[in-house]
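Raw contents of my_file30.cif, mmCIF, C-alpha atoms:
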data_query
#
loop_
_atom_site.label_atom_id
_atom_site.label_comp_id
_atom_site.auth_asym_id
_atom_site.auth_seq_id
_atom_site.Cartn_x
_atom_site.Cartn_y
_atom_site.Cartn_z
CA MET R 27 0.00 0.00 0.00
CA ASN R 28 2.82 2.38 0.98
CA SER R 29 0.62 5.46 1.43
CA TRP R 30 0.79 7.74 4.44
CA ILE R 31 -1.67 8.61 7.17
CA THR R 32 -0.86 11.76 9.09
CA PHE R 33 -2.04 12.33 12.63
CA ASP R 34 -2.55 15.30 14.85
CA LEU R 35 -1.53 14.53 18.45
CA ASP R 36 -3.07 16.74 21.15
CA GLY R 37 -6.80 16.18 21.39
CA THR R 38 -6.61 13.41 18.78
CA LEU R 39 -4.36 10.71 20.22
CA MET R 40 -3.06 12.07 23.51
CA GLN R 41 -3.25 14.66 26.27
CA ASN R 42 -0.14 16.76 26.81
CA PRO R 43 0.88 18.21 30.21
CA PHE R 44 0.78 21.93 29.33
CA ALA R 45 -2.59 23.13 30.64
CA ALA R 46 -2.80 20.96 33.76
CA TRP R 47 0.84 20.89 34.86
CA ILE R 48 3.32 23.08 33.00
CA PHE R 49 1.47 26.40 32.89
CA PRO R 50 0.42 26.15 36.56
CA GLU R 51 4.03 25.49 37.58
CA ILE R 52 5.25 28.45 35.53
CA THR R 53 2.53 30.60 37.11
CA SER R 54 3.59 29.54 40.60
CA VAL R 55 7.28 30.28 40.00
CA VAL R 56 6.65 33.64 38.36
CA ARG R 57 4.05 34.72 40.92
CA GLU R 58 6.47 34.05 43.77
CA GLN R 59 9.20 36.06 42.05
CA LEU R 60 6.85 38.94 41.31
CA ARG R 61 5.69 39.05 44.92
CA THR R 62 9.23 39.66 46.10
CA GLY R 63 10.48 41.84 43.28
CA ILE R 64 7.73 43.36 41.15
CA ASP R 65 4.25 44.59 41.98
CA VAL R 66 1.44 42.93 40.03
CA ASP R 67 -2.22 43.86 40.17
CA ASP R 68 -4.66 41.10 41.15
CA ASP R 69 -2.03 38.64 42.33
CA ALA R 70 -4.64 35.97 43.07
CA GLY R 71 -5.85 36.03 39.47
CA PHE R 72 -2.40 36.10 37.93
CA ASP R 73 -2.17 33.36 35.30
CA MET R 74 0.87 32.86 33.09
CA GLY R 75 -1.10 30.41 30.97
CA LYS R 76 -3.48 33.18 29.88
CA LEU R 77 -0.59 35.53 29.15
CA LEU R 78 1.17 32.88 27.10
CA TYR R 79 -1.96 32.01 25.15
CA GLU R 80 -2.47 35.70 24.40
CA GLU R 81 1.06 35.93 23.00
CA HIS R 82 0.32 32.76 21.00
CA ARG R 83 -2.87 34.35 19.61
CA LYS R 84 -1.03 37.50 18.56
CA ARG R 85 1.56 35.50 16.67
CA MET R 86 -1.06 33.38 14.93
CA GLU R 87 -3.00 36.46 13.84
CA ALA R 88 0.24 37.91 12.47
CA GLY R 89 0.75 34.74 10.41
CA LYS R 90 3.79 33.66 12.46
CA THR R 91 2.74 30.01 12.54
CA VAL R 92 6.20 28.77 13.49
CA ARG R 93 7.00 31.22 16.29
CA ALA R 94 3.44 30.84 17.64
CA TYR R 95 4.35 27.40 19.01
CA ASP R 96 7.76 28.20 20.46
CA TRP R 97 6.70 28.24 24.10
CA ASP R 98 10.22 28.94 25.37
CA ASP R 99 10.42 32.05 23.19
CA MET R 100 6.91 33.16 24.15
CA LEU R 101 7.77 32.70 27.81
CA ARG R 102 10.83 34.92 27.39
CA GLN R 103 8.66 37.53 25.67
CA VAL R 104 6.06 37.55 28.45
CA LEU R 105 8.71 37.68 31.16
CA THR R 106 10.35 40.61 29.38
CA GLU R 107 7.04 42.47 29.33
CA LEU R 108 6.68 41.77 33.06
CA GLY R 109 10.21 43.00 33.68
CA ALA R 110 11.26 39.64 35.09
CA GLU R 111 13.36 38.16 32.30
CA GLN R 112 16.63 38.67 34.21
CA SER R 113 15.47 37.06 37.45
CA ILE R 114 13.59 33.98 36.22
CA ASP R 115 15.09 31.08 34.30
CA ILE R 116 12.49 28.54 33.19
CA GLN R 117 12.99 26.07 30.33
CA VAL R 118 9.69 24.78 28.99
CA GLU R 119 11.43 21.83 27.32
CA GLN R 120 12.74 20.70 30.71
CA LEU R 121 9.28 21.03 32.24
CA VAL R 122 7.82 18.82 29.50
CA ARG R 123 10.33 16.08 30.32
CA LYS R 124 9.60 16.50 34.02
CA HIS R 125 5.85 16.15 33.58
CA ALA R 126 5.80 13.48 30.82
CA VAL R 127 4.63 10.94 33.37
CA PRO R 128 1.84 8.56 32.33
CA PRO R 129 -0.89 8.03 33.24
CA ALA R 130 -1.14 10.76 35.89
CA LYS R 131 0.05 13.70 33.79
CA VAL R 132 0.03 12.52 30.17
CA TYR R 133 -2.17 9.82 28.70
CA LEU R 134 -3.64 8.36 25.54
CA LEU R 135 -7.19 9.52 24.93
CA GLU R 136 -8.40 6.00 24.13
CA GLY R 137 -7.28 2.54 25.03
CA GLY R 138 -7.48 1.58 21.37
CA VAL R 139 -4.79 3.98 20.15
CA LYS R 140 -1.91 1.51 20.20
CA PRO R 141 -3.83 -1.45 18.71
CA VAL R 142 -5.17 0.72 15.88
CA LEU R 143 -1.75 2.18 15.07
CA GLU R 144 -0.35 -1.36 15.09
CA GLN R 145 -3.14 -2.56 12.81
CA LEU R 146 -2.57 0.25 10.31
CA SER R 147 1.15 -0.44 10.23
CA GLN R 148 0.51 -4.13 9.61
CA HIS R 149 -1.81 -3.23 6.74
CA GLY R 150 1.02 -1.40 5.01
CA TYR R 151 0.29 2.22 5.88
CA ARG R 152 3.16 4.52 6.73
CA LEU R 153 2.33 6.70 9.73
CA ALA R 154 3.41 10.28 10.36
CA VAL R 155 2.72 12.96 12.92
CA ALA R 156 1.69 16.43 11.76
CA THR R 157 1.57 18.49 14.94
CA ASN R 158 1.85 22.16 15.82
CA GLY R 159 3.88 21.30 18.90
CA TYR R 160 7.64 21.62 18.53
CA TYR R 161 9.56 18.35 18.39
CA LYS R 162 11.27 19.07 21.70
CA TYR R 163 7.86 19.32 23.41
CA GLN R 164 6.10 16.42 21.66
CA PHE R 165 8.65 13.65 21.34
CA PRO R 166 9.22 13.18 25.11
CA VAL R 167 5.46 12.64 25.52
CA LEU R 168 5.27 10.25 22.57
CA GLU R 169 8.12 8.24 24.08
CA ALA R 170 6.56 8.21 27.54
CA LEU R 171 3.26 6.98 26.11
CA GLY R 172 4.96 4.24 24.09
CA ILE R 173 3.74 5.29 20.64
CA ALA R 174 6.81 7.03 19.19
CA GLN R 175 7.90 3.85 17.42
CA TYR R 176 4.76 3.76 15.26
CA PHE R 177 5.59 7.00 13.45
CA GLU R 178 8.12 7.02 10.65
CA ARG R 179 8.12 10.80 10.45
CA ILE R 180 7.30 13.55 12.96
CA VAL R 181 6.56 16.87 11.25
CA THR R 182 6.57 19.99 13.43
CA PRO R 183 6.40 23.73 12.61
CA GLU R 184 10.10 24.45 13.07
CA THR R 185 11.06 21.64 10.69
CA ALA R 186 8.28 22.14 8.11
CA GLY R 187 8.56 25.92 7.95
CA GLY R 188 4.95 26.47 8.96
CA GLY R 189 2.32 25.26 11.40
CA LYS R 190 -1.20 24.04 10.67
CA PRO R 191 -3.24 25.03 8.75
CA ASP R 192 -0.20 25.87 6.61
CA MET R 193 0.09 23.09 4.04
CA HIS R 194 3.87 22.94 4.57
CA MET R 195 3.01 20.26 7.12
CA LEU R 196 1.61 17.86 4.56
CA HIS R 197 4.08 18.79 1.83
CA ALA R 198 6.82 17.64 4.22
CA VAL R 199 5.26 14.15 4.12
CA ARG R 200 4.05 14.16 0.51
CA GLN R 201 7.63 14.19 -0.78
CA TYR R 202 7.94 10.62 0.55
CA GLY R 203 4.73 9.28 -0.99
CA SER R 204 0.99 9.81 -1.32
CA ILE R 205 -1.13 10.74 1.71
CA ALA R 206 -4.30 8.72 2.15
CA ALA R 207 -5.77 10.85 4.94
CA HIS R 208 -5.10 13.30 7.73
CA VAL R 209 -6.67 12.64 11.14
CA GLY R 210 -7.28 15.39 13.68
CA ASP R 211 -9.71 16.94 16.12
CA ARG R 212 -9.73 20.57 14.93
CA LEU R 213 -11.66 22.12 12.07
CA ASP R 214 -9.46 25.21 11.70
CA HIS R 215 -6.17 23.29 11.68
CA ASP R 216 -6.76 19.70 10.63
CA VAL R 217 -9.85 19.58 8.42
CA TYR R 218 -9.19 22.94 6.78
CA MET R 219 -5.58 21.99 5.99
CA ALA R 220 -6.42 18.54 4.62
CA ASN R 221 -9.23 19.89 2.45
CA GLN R 222 -7.01 22.62 1.07
CA PHE R 223 -4.30 20.06 0.37
CA GLY R 224 -6.69 17.66 -1.34
CA THR R 225 -6.36 14.63 0.91
CA ALA R 226 -9.13 12.94 2.88
CA SER R 227 -9.95 14.73 6.13
CA ILE R 228 -11.00 12.64 9.13
CA LEU R 229 -12.37 14.58 12.09
CA VAL R 230 -12.23 13.04 15.56
CA HIS R 231 -15.25 14.17 17.59
CA ARG R 232 -15.79 12.04 20.68
CA LYS R 233 -18.93 13.81 21.92
CA LEU R 234 -21.27 13.23 19.00
CA PRO R 235 -24.97 13.15 19.91
CA GLN R 236 -26.65 9.77 19.77
CA GLU R 237 -28.50 10.52 16.54
CA LEU R 238 -25.19 11.04 14.74
CA GLN R 239 -23.44 8.09 16.36
CA GLN R 240 -25.92 5.79 14.66
CA LEU R 241 -24.79 6.94 11.21
CA ALA R 242 -21.71 5.86 9.28
CA PRO R 243 -18.64 8.14 9.55
CA GLU R 244 -19.04 9.24 5.92
CA GLN R 245 -22.68 10.31 6.50
CA ARG R 246 -22.49 12.28 9.73
CA MET R 247 -21.24 15.57 8.26
CA TYR R 248 -24.28 15.87 5.97
CA GLU R 249 -26.83 15.81 8.77
CA PRO R 250 -28.42 19.16 9.75
CA ALA R 251 -27.60 18.39 13.40
CA PHE R 252 -23.90 18.42 12.58
CA VAL R 253 -23.86 22.01 11.28
CA PRO R 254 -24.30 23.80 14.64
CA ILE R 255 -21.76 21.44 16.21
CA CYS R 256 -19.19 22.56 13.65
CA SER R 257 -20.10 26.24 13.66
CA GLN R 258 -19.79 26.42 17.44
CA GLN R 259 -16.52 24.50 17.41
CA LEU R 260 -15.04 26.76 14.73
CA GLN R 261 -16.05 29.86 16.69
CA ARG R 262 -14.10 28.53 19.66
CA GLU R 263 -11.10 27.63 17.53
CA SER R 264 -10.82 30.64 15.22
CA GLN R 265 -13.20 33.56 15.13
CA SER R 266 -11.46 34.97 12.06
CA LEU R 267 -11.88 31.76 10.04
CA TYR R 268 -15.48 31.46 11.24
CA THR R 269 -16.23 34.96 9.95
CA LYS R 270 -14.44 34.25 6.67
CA LEU R 271 -16.34 31.03 5.99
CA PHE R 272 -19.77 31.64 7.50
CA GLY R 273 -20.03 35.42 7.10
CA ASP R 274 -23.66 36.42 7.61
CA ASP R 275 -24.93 32.97 6.73
CA ASP R 276 -27.63 31.58 8.97
CA GLY R 277 -25.55 28.49 9.60
CA THR R 278 -27.80 25.98 7.81
CA GLU R 279 -25.03 24.73 5.51
CA LEU R 280 -21.50 23.63 6.30
CA PRO R 281 -18.80 25.38 4.22
CA GLU R 282 -16.90 22.90 2.06
CA GLN R 283 -13.56 24.13 3.40
CA ILE R 284 -14.30 22.68 6.84
CA ARG R 285 -16.54 19.78 5.88
CA PRO R 286 -14.67 16.59 6.84
CA ASP R 287 -14.82 13.54 4.61
CA PHE R 288 -15.34 11.35 7.67
CA VAL R 289 -16.36 12.04 11.26
CA ILE R 290 -15.32 9.45 13.83
CA ARG R 291 -16.20 9.33 17.52
CA SER R 292 -13.53 6.76 18.33
CA ILE R 293 -10.16 5.79 16.92
CA HIS R 294 -11.67 2.31 16.48
CA GLU R 295 -13.69 3.67 13.53
CA LEU R 296 -10.56 4.80 11.67
CA PRO R 297 -9.64 1.52 9.89
CA ALA R 298 -13.10 1.31 8.27
CA CYS R 299 -12.72 4.87 6.98
CA LEU R 300 -9.36 4.07 5.44
CA ALA R 301 -10.79 0.92 3.87
CA ALA R 302 -13.52 3.04 2.28
CA ILE R 303 -10.90 5.45 0.93
CA ALA R 304 -8.84 2.59 -0.49
CA ASN R 305 -11.90 1.09 -2.19
CA LYS R 306 -12.50 4.36 -4.04
CA GLU R 307 -8.98 4.45 -5.46
#

Transcribe the structure of this file into structure tokens.
Amino acid sequence: MNSWITFDLDGTLMQNPFAAWIFPEITSVVREQLRTGIDVDDDAGFDMGKLLYEEHRKRMEAGKTVRAYDWDDMLRQVLTELGAEQSIDIQVEQLVRKHAVPPAKVYLLEGGVKPVLEQLSQHGYRLAVATNGYYKYQFPVLEALGIAQYFERIVTPETAGGGKPDMHMLHAVRQYGSIAAHVGDRLDHDVYMANQFGTASILVHRKLPQELQQLAPEQRMYEPAFVPICSQQLQRESQSLYTKLFGDDDGTELPEQIRPDFVIRSIHELPACLAAIANKE
């Protein structure tokens, strides 16, 4: 078969330690330093995670899709703005390695992840990661979770020259062979990128209502009930893309740019989707 399947990681296959462990630790360290050296309003509500996400948002809006995922650089920027860059030395990469501890801090989102990856490999697919997390942040987690060995290539923004939805991600894999499908949990990054690229887009949505669960993965996106699910998700992910695609539309039709080819509620449904794609070829 020798065709590739590319996977998003966070929210698709695994949970990383950033929100629950890394950002709170950074907040604690910085808050303590600011208490002793620099006055900060509303100390109790001080949250480095929010400040870092705001810097991330600014970089994404400016089209800096590589720098927008360099958390060490963004941390330095925020600390500089707080006037604390000289007194605080925190390495995000080191914190990732510290907190890459399964199953308490990092974990696979489904028990079927490893068996399905193994099954796809045995069926001749070549597997790759296409993630917006830098390699230095993602690989330690992949190793800790025991799934690094399944992926022949790991494509990240700093190596591809662009982060999702920039198609550099998939071009970095396409040079080694055809791509059968891209699998991810986000409309703005994963589905939008795959559709623009021209490969099958498979959306992972684990909270589908019962009426949609009863349908086949290739039918779910055409149901009226799926439209508000997508419109609300896209609003959360990217207000600018939502405005661009929906405009003043009443939301009764799903724009083709973010309409997935398949919608799965479990990784267990993935092999059947790939079989359907192969049968069409």

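Across R:Glu169, R:Asp98, R:Glu178, R:Glu263, the tightest approach to Ser147 (chain R) is made by R:Glu178 when counting all atoms listed in the file.
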
Checklist entry - So what does the PyMOL selection byres ((chain R and resi 95) around 10) actually pick up in this one, as number ranges by chain? => result R: 79, 81-82, 85-86, 90-94, 96-100, 158-160, 163, 182-184, 189

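Going from CA of Cys299 (chain R) over to CA of Ile228 (chain R), you cover 8.2 Å.
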
Item to check | Chain and number of each residue from the PyMOL selection byres ((chain R and resi 229) around 6), as a ChimeraX atom specification | outcome: /R:210-211,228,230,289

Could you save the residues just selected, with C-alpha atoms, as a short mmCIF file (atom, residue, chain, number, x, y, z; two decimals), in the coordinates of the input?
data_model
loop_
_atom_site.label_atom_id
_atom_site.label_comp_id
_atom_site.auth_asym_id
_atom_site.auth_seq_id
_atom_site.Cartn_x
_atom_site.Cartn_y
_atom_site.Cartn_z
CA GLY R 210 -7.28 15.39 13.68
CA ASP R 211 -9.71 16.94 16.12
CA ILE R 228 -11.00 12.64 9.13
CA VAL R 230 -12.23 13.04 15.56
CA VAL R 289 -16.36 12.04 11.26
#

Next on the checklist: What would the selection look like, as a count of residues only, if the PyMOL selection byres ((chain R and resi 75) around 8) were run on the coordinates I just shared?
Outcome noted: 10

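Take CA of Lys162 (chain R) and CA of Pro129 (chain R): the distance between them is 20.1 Å.
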
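Each of R:Leu213, R:Ala302, R:Leu267, R:Val118 was checked against Trp47 (chain R) using only C-alpha atoms; the smallest atom-to-atom distance is that of R:Val118.
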